[in-house]
Amino acid sequence: MTLLDTRPGDEVTIDTARAGRGAMRRLWDLGLLPGTKVKTVAAHPFRGPILVRVGECTVAVGRKLASRIYVTK
Amino acid sequence: MQFTVALVGQPNVGKSVIMNLLTGAGAVVSNYPGTTVEITQGYMEGPSGRITVIDTPGTYSLHSDTEEQRVAQRVLLEAGVDLIVNVADARNLSRNLYLTLQLLDLDIPMVLALNQMDMAREAGMIIDTTALEEKLQIPAIPMIASKGEGLEELEKLIWKAAGSPETLPARATSPMRFSPEIERVIGMLQGQIEQIIPEEEGKHRLHPSRALAIHLMEHDALDEDLFSIYPELAHLVEDLQEKVASKRFQCAGCFRGCWFCPAADDSHPVLPTCLERTRQAQAITTAVVRRCRLEGPVSTRVRLERLLDNPSTGIPILALVAYLAVRLTLEILEFAEEFVPVILEPVVGFIAGLAGSFRQGSLAEIIITAIPEGVLLPFEVVMPTMLSIYLIMALLEDSGLMPRIAVMMDRIMSFLKIPGQSIIPFLLGFGCRAPGVLATRTLPNRESRIVVSTLLAIPIPCAATLGIITGVARAFGADLRVIYGAIAVVFLLLARLVARCLQADSELVMEIPPVRLPSARAVAGKAWMRMESFFKQVLPVLMITGIGVRVLLNTGILSVLSRLDPISAGLFGITGQSLVSVAVTVVQRYAAPMVLLNLPLGAREATIAASMISLSLPCIPVSYLIAREFGWKTLAAIYGLALGITLSTGFVLNLILPAM
Ligand SMILES: Nc1nc2c(ncn2[C@@H]2O[C@H](COP(=O)(O)OP(=O)(O)OP(=O)(O)O)[C@@H](O)[C@H]2O)c(=O)[nH]1
Ligand SMILES: [Mg+2]
């Protein structure tokens, strides 16, 4: 399953991600790394971004990228 | 040599607040990551003399592959920094410690300013600072910079370090130890570096050999330079990478194929130093942070944050904010229109009286009659518009709403193929476009930066432009809806066009800062500081252009342009003289409408001319920045585009606008 399939309130662990170098870089910077637990906070309507909570920080991830971040519950 | 202190840390942790506390430098403080994009210098007085303090752009790490990281790295290595004050956000300790561990490798004396302790407490975190000091082997000072807490202790530490640099905590070893496998490679590389690169004051190419070795393994962008000077190093690293690829060194369970490792790409697998650093930061955090149960009522701040981050309540709230912003602007304008003339009446009356005492048609008379208009319009329309925009901007910046607007708009932006983050430069551009262009530095790549800068340079109207357009609309009954409509259409078309040509990547990954309740004083102070530009730049330029145009008109010089009338009337439906206003935009866009105000125009002509002006060449400061950031070629391309756009806007409007 991917981050895109999560619903608000779900807590998941990141397994892997496939994206361009720049996007990977930013995921890493913000602490979205393999093994990290994240909690989906909200999904914006009309296929807008997904908000996840990493530790005490909120991160917005665009749909396209979210569909390439693989997670397990 | 003067003692130099550098404030370094991740974005939005409070570096600039601390900078202002230490030096009173007036660095801009905002609640979104990426406020500071250029290095600011300030000075503080210590008992043993003046100390230089440098505020740097926030950077998540020292891997030098984005602009802000390169800036931070350069300062640290080249500016001869004697002490690093590493500002960290206590609430996100583990993520912040990643950078701390990297900084420690540089062997520059360092203290940790553990800021935003109030936010950490609110989140139920209790941090054992003494334990943290022991783990990192550097002093750590808990701070709440926004309330000035911890400042005294930090100041004392800096003074002490500046007074007797020899007392600076000497760290023989960085606390960051990698696994034996990696340490062996580091040791090998270190030995080679010490042989190949000549030593200067214990450093090799400004790096301690260990830092450079790690750096090479992580394959940062700096390497290309280094490799061209020392080809031996390139061979060495290639060799190493081959061994990694052939699994002679084990990957320590980093992402499959090291994908997640920021330094890795298909052709360059690397040892998982980055991953180990992250684990180390996490381990330290676990050891020093205790979580306690939250008690007491939920604060207004937290409640507001929850409402805003839930789209079903957040989007209506942001829409309401937008509505209130427009209302505020209109109210302020109405208020100013009523009261400014009353206040300025004696001045205007006095000047008008003066005019009577000069000979009709003399230069002095012309100048004197031009002054009242030059004073009234700026104060009646331009000043209130700018003031309200600046107030709104300050509110958006300080509350944390700006990144939330970016998230909300991301969908719309992705239709245009530009990243959602670019809303921040755009919003800044409504204040002044120059900082907007600078703010593009936080965008993921050069292509998106150019796309966004082009849009900033041509269609985005700055506060001064908006003010003046409103003025023209009032004076001639021009149709504001047409002008804004033209701007919007050009924005959309141009965005599609440029983004398509440049193939910008539009994937959004952005930190959303906590909502903060901005203090009225901070917001008013910020708006007021920016209003300075009204008095220093806008007002004088308006008055000078006003007078200049009057002189040109009355002396008949401009009537030469009437010869252009047939052409410009045919193409754009405006007089040849109005074309001057379009040319004036090169100097300052907001000066252009001053030309119009001095011409006899109908509503239709004014609408067309004002639209053309709003979509014309960027002003000099913006042009300068674009040339500096992206080169002259990009600027020339933007000028060409702008000319084409302004002319076609006039042409199209002339075709479709009915008589008014
Ligand atoms: N609650 C709280 N807020 C703080 C504290 N220190 C700073 N802030 C707020 O944090 C936000 C960011 O502060 P800045 O000083 O602009 O941060 P910066 O580190 O310079 O950020 P960049 O320039 O983007 O790298 C502002 O809204 C500050 O008011 C603190 O100790 N507690
Ligand atoms: Mg700053």
# chains A, B, ... in the order shown; residues from 1 in each chain; ligands from 1

call {"tool": "interface_residues", "arguments": {"of": "chain A", "to": "chain B", "cutoff": "6 Å", "atoms": "only C-alpha atoms", "output": "ChimeraX atom specification"}}
result
/A:25,29,42,44,48,58-62

call {"tool": "residues_around", "arguments": {"residues": "stretch 136-152 of chain B", "least_positions_apart": "3", "cutoff": "7 Å", "atoms": "only C-alpha atoms", "output": "PyMOL selection string"}}
result
chain B and resi 14+17-18+110-118+129+132-133+155-156+169+175

call {"tool": "closest_atom_pairs", "arguments": {"of": "chain B", "to": "ligand 2", "cutoff": "8 Å", "atoms": "only C-alpha atoms and all ligand atoms", "output": "Markdown table"}}
result
| residue | atom | partner | partner_atom_place_in_ligand_line | distance |
| --- | --- | --- | --- | --- |
| B:Pro11 | CA | ligand 2 | 1 (Mg) | 7.3 |
| B:Asn12 | CA | ligand 2 | 1 (Mg) | 6.7 |
| B:Gly14 | CA | ligand 2 | 1 (Mg) | 6.7 |
| B:Lys15 | CA | ligand 2 | 1 (Mg) | 5.4 |
| B:Ser16 | CA | ligand 2 | 1 (Mg) | 4.1 |
| B:Val17 | CA | ligand 2 | 1 (Mg) | 7.4 |
| B:Ala27 | CA | ligand 2 | 1 (Mg) | 7.1 |
| B:Val28 | CA | ligand 2 | 1 (Mg) | 6.5 |
| B:Val29 | CA | ligand 2 | 1 (Mg) | 5.9 |
| B:Ser30 | CA | ligand 2 | 1 (Mg) | 7.5 |
| B:Gly34 | CA | ligand 2 | 1 (Mg) | 7.1 |
| B:Thr35 | CA | ligand 2 | 1 (Mg) | 5.2 |
| B:Thr36 | CA | ligand 2 | 1 (Mg) | 4.0 |
| B:Val37 | CA | ligand 2 | 1 (Mg) | 7.6 |
| B:Asp55 | CA | ligand 2 | 1 (Mg) | 7.0 |
| B:Thr56 | CA | ligand 2 | 1 (Mg) | 6.9 |
| B:Pro57 | CA | ligand 2 | 1 (Mg) | 6.0 |
| B:Gly58 | CA | ligand 2 | 1 (Mg) | 6.7 |

call {"tool": "atom_distance", "arguments": {"atom1": "atom CA of B:Ser179", "atom2": "atom CA of A:Gly31"}}
result
21.2 Å

call {"tool": "select_by_dssp", "arguments": {"residues": "chain A", "states": "alpha helix (DSSP H)", "output": "list in words"}}
result
Arg21, Gly22, Ala23, Met24, Arg25, Arg26, Leu27, Trp28, Asp29, Arg63, Lys64, Leu65 and Ala66 of chain A

call {"tool": "residues_around", "arguments": {"residues": "A:Arg18", "least_positions_apart": "5", "cutoff": "10 Å", "atoms": "only C-alpha atoms", "output": "JSON, numbers by chain"}}
result
{"A": [23, 24, 65, 66, 67, 68, 69, 70], "B": [259, 260]}

call {"tool": "residues_around", "arguments": {"residues": "B:Leu376", "least_positions_apart": "5", "cutoff": "9 Å", "atoms": "only C-alpha atoms", "output": "PyMOL selection string"}}
result
chain B and resi 340-341+344+348+371+381

call {"tool": "write_last_selection", "arguments": {"atoms": "C-alpha atoms", "output": "short mmCIF file (atom, residue, chain, number, x, y, z; two decimals), in the first residue's frame"}}
result
data_model
loop_
_atom_site.label_atom_id
_atom_site.label_comp_id
_atom_site.auth_asym_id
_atom_site.auth_seq_id
_atom_site.Cartn_x
_atom_site.Cartn_y
_atom_site.Cartn_z
CA VAL B 340 -6.25 62.22 3.50
CA PRO B 341 -7.52 65.15 1.40
CA LEU B 344 -3.44 67.52 3.06
CA VAL B 348 -2.23 71.64 -1.42
CA ILE B 371 3.14 68.85 -7.03
CA VAL B 381 -4.47 55.71 -2.89
#

call {"tool": "closest_residue", "arguments": {"among": "B:Met413, B:Leu83, B:Ile39, B:Val451", "to": "ligand 1", "atoms": "only C-alpha atoms and all ligand atoms"}}
result
B:Ile39

call {"tool": "residues_around", "arguments": {"residues": "B:Cys432", "least_positions_apart": "5", "cutoff": "9 Å", "atoms": "only C-alpha atoms", "output": "PyMOL selection string"}}
result
chain B and resi 461-464

call {"tool": "residues_around", "arguments": {"residues": "stretch 357-365 of chain B", "least_positions_apart": "6", "cutoff": "9 Å", "atoms": "only C-alpha atoms", "output": "list in words"}}
result
Val551, Asn554 and Thr555 of chain B

call {"tool": "closest_residue", "arguments": {"among": "B:Gly400, B:Gly546, B:Pro297, B:Pro459", "to": "ligand 1", "atoms": "only C-alpha atoms and all ligand atoms"}}
result
B:Gly400
